[in-house]
Amino acid sequence: MRRSEFHRAVGDEFGGRASAVVTDLVLSRVGGRTAAEAIAAGVDPREVWLALCEELDVPADRRYGVGRLEPRRH
């Protein structure tokens, strides 16, 4: 997962709360850091995404593959 995909997934899932979720919520799964701190420290964005999902009880069917754009059709 790229950072852009992470941010798209967070925005899609949490809407107007996305910014606060990334900067305020401390996640034990990524070393007691916020999502923003974890990504800045080099933690894989997918690991951070899954930590957010776990912490906020995002259903499993909305955790995997999110954040990706649909393939372009030629």
# chains A, B, ... in the order shown; residues from 1 in each chain; ligands from 1
$ residues_around --residues "segment 42-45 of chain A" --least-positions-apart "3" --cutoff "8 Å" --atoms "only C-alpha atoms" --output "PDB file with C-alpha atoms, in the first residue's frame"
ATOM      1  CA  MET A   1       0.000   0.000   0.000  1.00  0.00           C
ATOM      2  CA  ARG A   2       1.360   3.387  -0.978  1.00  0.00           C
ATOM      3  CA  ARG A   3       0.906   6.471   1.165  1.00  0.00           C
ATOM      4  CA  PHE A   6      -3.452   4.859   2.701  1.00  0.00           C
ATOM      5  CA  VAL A  30       2.436   0.416  15.753  1.00  0.00           C
ATOM      6  CA  ALA A  38       4.131   5.712  12.513  1.00  0.00           C
ATOM      7  CA  ILE A  39       4.231   6.493   8.796  1.00  0.00           C
ATOM      8  CA  VAL A  48      -0.770   1.380   9.869  1.00  0.00           C
ATOM      9  CA  TRP A  49      -4.031   0.972   7.937  1.00  0.00           C
TER      10      TRP A  49
END
$ residues_around --residues "segment 58-62 of chain A" --least-positions-apart "4" --cutoff "12 Å" --atoms "only C-alpha atoms" --output "mmCIF file with N, CA and C atoms, in the first residue's frame"
data_model
loop_
_atom_site.group_PDB
_atom_site.id
_atom_site.type_symbol
_atom_site.label_atom_id
_atom_site.label_comp_id
_atom_site.auth_asym_id
_atom_site.auth_seq_id
_atom_site.Cartn_x
_atom_site.Cartn_y
_atom_site.Cartn_z
ATOM 1 N N ALA A 9 -7.807 5.513 1.476
ATOM 2 C CA ALA A 9 -8.574 4.543 2.264
ATOM 3 C C ALA A 9 -9.101 5.179 3.545
ATOM 4 N N VAL A 10 -8.253 5.945 4.227
ATOM 5 C CA VAL A 10 -8.671 6.605 5.473
ATOM 6 C C VAL A 10 -9.783 7.612 5.183
ATOM 7 N N ASP A 12 -11.908 7.600 2.650
ATOM 8 C CA ASP A 12 -13.129 6.892 2.266
ATOM 9 C C ASP A 12 -13.823 6.278 3.474
ATOM 10 N N GLU A 13 -13.050 5.731 4.393
ATOM 11 C CA GLU A 13 -13.633 5.030 5.542
ATOM 12 C C GLU A 13 -14.117 5.990 6.627
ATOM 13 N N PHE A 14 -13.349 7.036 6.898
ATOM 14 C CA PHE A 14 -13.647 7.886 8.055
ATOM 15 C C PHE A 14 -14.153 9.278 7.702
ATOM 16 N N TRP A 49 -2.625 1.087 8.309
ATOM 17 C CA TRP A 49 -4.031 0.972 7.937
ATOM 18 C C TRP A 49 -4.706 -0.151 8.717
ATOM 19 N N LEU A 50 -4.053 -1.312 8.780
ATOM 20 C CA LEU A 50 -4.640 -2.446 9.496
ATOM 21 C C LEU A 50 -4.749 -2.164 10.993
ATOM 22 N N ALA A 51 -3.793 -1.420 11.546
ATOM 23 C CA ALA A 51 -3.868 -1.035 12.962
ATOM 24 C C ALA A 51 -5.069 -0.128 13.210
ATOM 25 N N LEU A 52 -5.294 0.829 12.301
ATOM 26 C CA LEU A 52 -6.467 1.703 12.421
ATOM 27 C C LEU A 52 -7.749 0.886 12.338
ATOM 28 N N CYS A 53 -7.799 -0.021 11.378
ATOM 29 C CA CYS A 53 -8.987 -0.848 11.197
ATOM 30 C C CYS A 53 -9.278 -1.674 12.444
ATOM 31 N N GLU A 54 -8.240 -2.239 13.003
ATOM 32 C CA GLU A 54 -8.400 -3.054 14.211
ATOM 33 C C GLU A 54 -8.895 -2.201 15.376
ATOM 34 N N VAL A 66 -8.516 -1.708 -0.164
ATOM 35 C CA VAL A 66 -9.095 -0.366 -0.233
ATOM 36 C C VAL A 66 -8.008 0.652 -0.522
ATOM 37 N N GLY A 67 -8.426 1.783 -1.031
ATOM 38 C CA GLY A 67 -7.490 2.858 -1.323
ATOM 39 C C GLY A 67 -6.950 2.821 -2.734
#
$ atom_distance --atom1 "atom CA of Glu37 of chain A" --atom2 "atom CA of Tyr64 of chain A"
22.0 Å
$ atom_distance --atom1 "atom CA of Gly31 of chain A" --atom2 "atom CA of Arg17 of chain A"
22.2 Å
$ select_by_dssp --residues "chain A" --states "alpha helix (DSSP H)" --output "mmCIF file with N, CA, C and O atoms, in the first residue's frame"
data_model
loop_
_atom_site.group_PDB
_atom_site.id
_atom_site.type_symbol
_atom_site.label_atom_id
_atom_site.label_comp_id
_atom_site.auth_asym_id
_atom_site.auth_seq_id
_atom_site.Cartn_x
_atom_site.Cartn_y
_atom_site.Cartn_z
ATOM 1 N N ARG A 3 1.461 5.433 0.275
ATOM 2 C CA ARG A 3 0.906 6.471 1.165
ATOM 3 C C ARG A 3 -0.367 7.066 0.585
ATOM 4 O O ARG A 3 -1.326 7.338 1.307
ATOM 5 N N SER A 4 -0.365 7.294 -0.720
ATOM 6 C CA SER A 4 -1.566 7.868 -1.353
ATOM 7 C C SER A 4 -2.759 6.926 -1.187
ATOM 8 O O SER A 4 -3.881 7.382 -0.939
ATOM 9 N N GLU A 5 -2.529 5.634 -1.296
ATOM 10 C CA GLU A 5 -3.601 4.657 -1.102
ATOM 11 C C GLU A 5 -4.066 4.653 0.350
ATOM 12 O O GLU A 5 -5.259 4.533 0.629
ATOM 13 N N PHE A 6 -3.115 4.778 1.271
ATOM 14 C CA PHE A 6 -3.452 4.859 2.701
ATOM 15 C C PHE A 6 -4.383 6.047 2.947
ATOM 16 O O PHE A 6 -5.435 5.908 3.566
ATOM 17 N N HIS A 7 -3.988 7.207 2.452
ATOM 18 C CA HIS A 7 -4.785 8.417 2.704
ATOM 19 C C HIS A 7 -6.156 8.331 2.023
ATOM 20 O O HIS A 7 -7.155 8.780 2.594
ATOM 21 N N ARG A 8 -6.217 7.736 0.846
ATOM 22 C CA ARG A 8 -7.501 7.548 0.161
ATOM 23 C C ARG A 8 -8.383 6.611 0.979
ATOM 24 O O ARG A 8 -9.577 6.867 1.168
ATOM 25 N N ALA A 9 -7.807 5.513 1.476
ATOM 26 C CA ALA A 9 -8.574 4.543 2.264
ATOM 27 C C ALA A 9 -9.101 5.179 3.545
ATOM 28 O O ALA A 9 -10.264 4.993 3.912
ATOM 29 N N VAL A 10 -8.253 5.945 4.227
ATOM 30 C CA VAL A 10 -8.671 6.605 5.473
ATOM 31 C C VAL A 10 -9.783 7.612 5.183
ATOM 32 O O VAL A 10 -10.784 7.659 5.904
ATOM 33 N N GLY A 11 -9.632 8.378 4.122
ATOM 34 C CA GLY A 11 -10.664 9.349 3.763
ATOM 35 C C GLY A 11 -11.985 8.687 3.413
ATOM 36 O O GLY A 11 -13.045 9.138 3.834
ATOM 37 N N ASP A 12 -11.908 7.600 2.650
ATOM 38 C CA ASP A 12 -13.129 6.892 2.266
ATOM 39 C C ASP A 12 -13.823 6.278 3.474
ATOM 40 O O ASP A 12 -15.044 6.289 3.574
ATOM 41 N N GLU A 13 -13.050 5.731 4.393
ATOM 42 C CA GLU A 13 -13.633 5.030 5.542
ATOM 43 C C GLU A 13 -14.117 5.990 6.627
ATOM 44 O O GLU A 13 -15.161 5.788 7.223
ATOM 45 N N PHE A 14 -13.349 7.036 6.898
ATOM 46 C CA PHE A 14 -13.647 7.886 8.055
ATOM 47 C C PHE A 14 -14.153 9.278 7.702
ATOM 48 O O PHE A 14 -14.485 10.050 8.604
ATOM 49 N N ALA A 18 -11.252 11.784 9.193
ATOM 50 C CA ALA A 18 -10.002 11.165 8.743
ATOM 51 C C ALA A 18 -8.761 11.855 9.309
ATOM 52 O O ALA A 18 -7.852 11.189 9.804
ATOM 53 N N SER A 19 -8.720 13.155 9.245
ATOM 54 C CA SER A 19 -7.549 13.883 9.728
ATOM 55 C C SER A 19 -7.318 13.641 11.215
ATOM 56 O O SER A 19 -6.192 13.385 11.650
ATOM 57 N N ALA A 20 -8.381 13.705 12.005
ATOM 58 C CA ALA A 20 -8.256 13.473 13.444
ATOM 59 C C ALA A 20 -7.849 12.035 13.739
ATOM 60 O O ALA A 20 -7.032 11.790 14.636
ATOM 61 N N VAL A 21 -8.379 11.085 12.989
ATOM 62 C CA VAL A 21 -8.038 9.676 13.191
ATOM 63 C C VAL A 21 -6.535 9.469 12.976
ATOM 64 O O VAL A 21 -5.880 8.780 13.747
ATOM 65 N N VAL A 22 -5.989 10.100 11.948
ATOM 66 C CA VAL A 22 -4.580 9.927 11.609
ATOM 67 C C VAL A 22 -3.658 10.644 12.590
ATOM 68 O O VAL A 22 -2.584 10.133 12.918
ATOM 69 N N THR A 23 -4.072 11.791 13.082
ATOM 70 C CA THR A 23 -3.165 12.586 13.921
ATOM 71 C C THR A 23 -3.401 12.466 15.423
ATOM 72 O O THR A 23 -2.503 12.806 16.204
ATOM 73 N N ASP A 24 -4.564 11.977 15.845
ATOM 74 C CA ASP A 24 -4.884 11.969 17.272
ATOM 75 C C ASP A 24 -4.957 10.593 17.922
ATOM 76 O O ASP A 24 -4.677 10.460 19.111
ATOM 77 N N ALA A 35 -1.084 7.287 13.653
ATOM 78 C CA ALA A 35 -0.842 6.826 12.286
ATOM 79 C C ALA A 35 0.169 7.733 11.585
ATOM 80 O O ALA A 35 1.086 7.246 10.915
ATOM 81 N N ALA A 36 0.023 9.021 11.757
ATOM 82 C CA ALA A 36 0.946 9.972 11.126
ATOM 83 C C ALA A 36 2.369 9.762 11.638
ATOM 84 O O ALA A 36 3.325 9.772 10.846
ATOM 85 N N GLU A 37 2.525 9.589 12.935
ATOM 86 C CA GLU A 37 3.858 9.365 13.507
ATOM 87 C C GLU A 37 4.462 8.053 13.014
ATOM 88 O O GLU A 37 5.653 7.995 12.702
ATOM 89 N N ALA A 38 3.641 7.016 12.950
ATOM 90 C CA ALA A 38 4.131 5.712 12.513
ATOM 91 C C ALA A 38 4.608 5.767 11.067
ATOM 92 O O ALA A 38 5.690 5.258 10.742
ATOM 93 N N ILE A 39 3.832 6.390 10.203
ATOM 94 C CA ILE A 39 4.231 6.493 8.796
ATOM 95 C C ILE A 39 5.499 7.328 8.668
ATOM 96 O O ILE A 39 6.417 6.970 7.928
ATOM 97 N N ALA A 40 5.582 8.432 9.407
ATOM 98 C CA ALA A 40 6.786 9.267 9.373
ATOM 99 C C ALA A 40 8.012 8.500 9.864
ATOM 100 O O ALA A 40 9.134 8.758 9.408
ATOM 101 N N PRO A 45 2.660 1.711 5.371
ATOM 102 C CA PRO A 45 1.292 2.238 5.437
ATOM 103 C C PRO A 45 0.224 1.157 5.572
ATOM 104 O O PRO A 45 -0.790 1.365 6.228
ATOM 105 N N ARG A 46 0.413 -0.018 4.959
ATOM 106 C CA ARG A 46 -0.572 -1.097 5.100
ATOM 107 C C ARG A 46 -0.669 -1.533 6.561
ATOM 108 O O ARG A 46 -1.764 -1.770 7.065
ATOM 109 N N GLU A 47 0.456 -1.629 7.254
ATOM 110 C CA GLU A 47 0.442 -2.015 8.663
ATOM 111 C C GLU A 47 -0.296 -0.965 9.492
ATOM 112 O O GLU A 47 -1.063 -1.286 10.399
ATOM 113 N N VAL A 48 -0.088 0.294 9.165
ATOM 114 C CA VAL A 48 -0.770 1.380 9.869
ATOM 115 C C VAL A 48 -2.272 1.321 9.577
ATOM 116 O O VAL A 48 -3.094 1.465 10.487
ATOM 117 N N TRP A 49 -2.625 1.087 8.309
ATOM 118 C CA TRP A 49 -4.031 0.972 7.937
ATOM 119 C C TRP A 49 -4.706 -0.151 8.717
ATOM 120 O O TRP A 49 -5.782 0.019 9.274
ATOM 121 N N LEU A 50 -4.053 -1.312 8.780
ATOM 122 C CA LEU A 50 -4.640 -2.446 9.496
ATOM 123 C C LEU A 50 -4.749 -2.164 10.993
ATOM 124 O O LEU A 50 -5.706 -2.584 11.643
ATOM 125 N N ALA A 51 -3.793 -1.420 11.546
ATOM 126 C CA ALA A 51 -3.868 -1.035 12.962
ATOM 127 C C ALA A 51 -5.069 -0.128 13.210
ATOM 128 O O ALA A 51 -5.792 -0.289 14.194
ATOM 129 N N LEU A 52 -5.294 0.829 12.301
ATOM 130 C CA LEU A 52 -6.467 1.703 12.421
ATOM 131 C C LEU A 52 -7.749 0.886 12.338
ATOM 132 O O LEU A 52 -8.677 1.087 13.125
ATOM 133 N N CYS A 53 -7.799 -0.021 11.378
ATOM 134 C CA CYS A 53 -8.987 -0.848 11.197
ATOM 135 C C CYS A 53 -9.278 -1.674 12.444
ATOM 136 O O CYS A 53 -10.433 -1.778 12.877
ATOM 137 N N GLU A 54 -8.240 -2.239 13.003
ATOM 138 C CA GLU A 54 -8.400 -3.054 14.211
ATOM 139 C C GLU A 54 -8.895 -2.201 15.376
ATOM 140 O O GLU A 54 -9.838 -2.567 16.070
ATOM 141 N N GLU A 55 -8.271 -1.067 15.554
ATOM 142 C CA GLU A 55 -8.613 -0.188 16.679
ATOM 143 C C GLU A 55 -10.038 0.346 16.579
ATOM 144 O O GLU A 55 -10.730 0.503 17.584
#
$ select_by_dssp --residues "segment 1-73 of chain A" --states "strand (DSSP E)" --output "PyMOL selection string"
chain A and resi 26-27+33-34
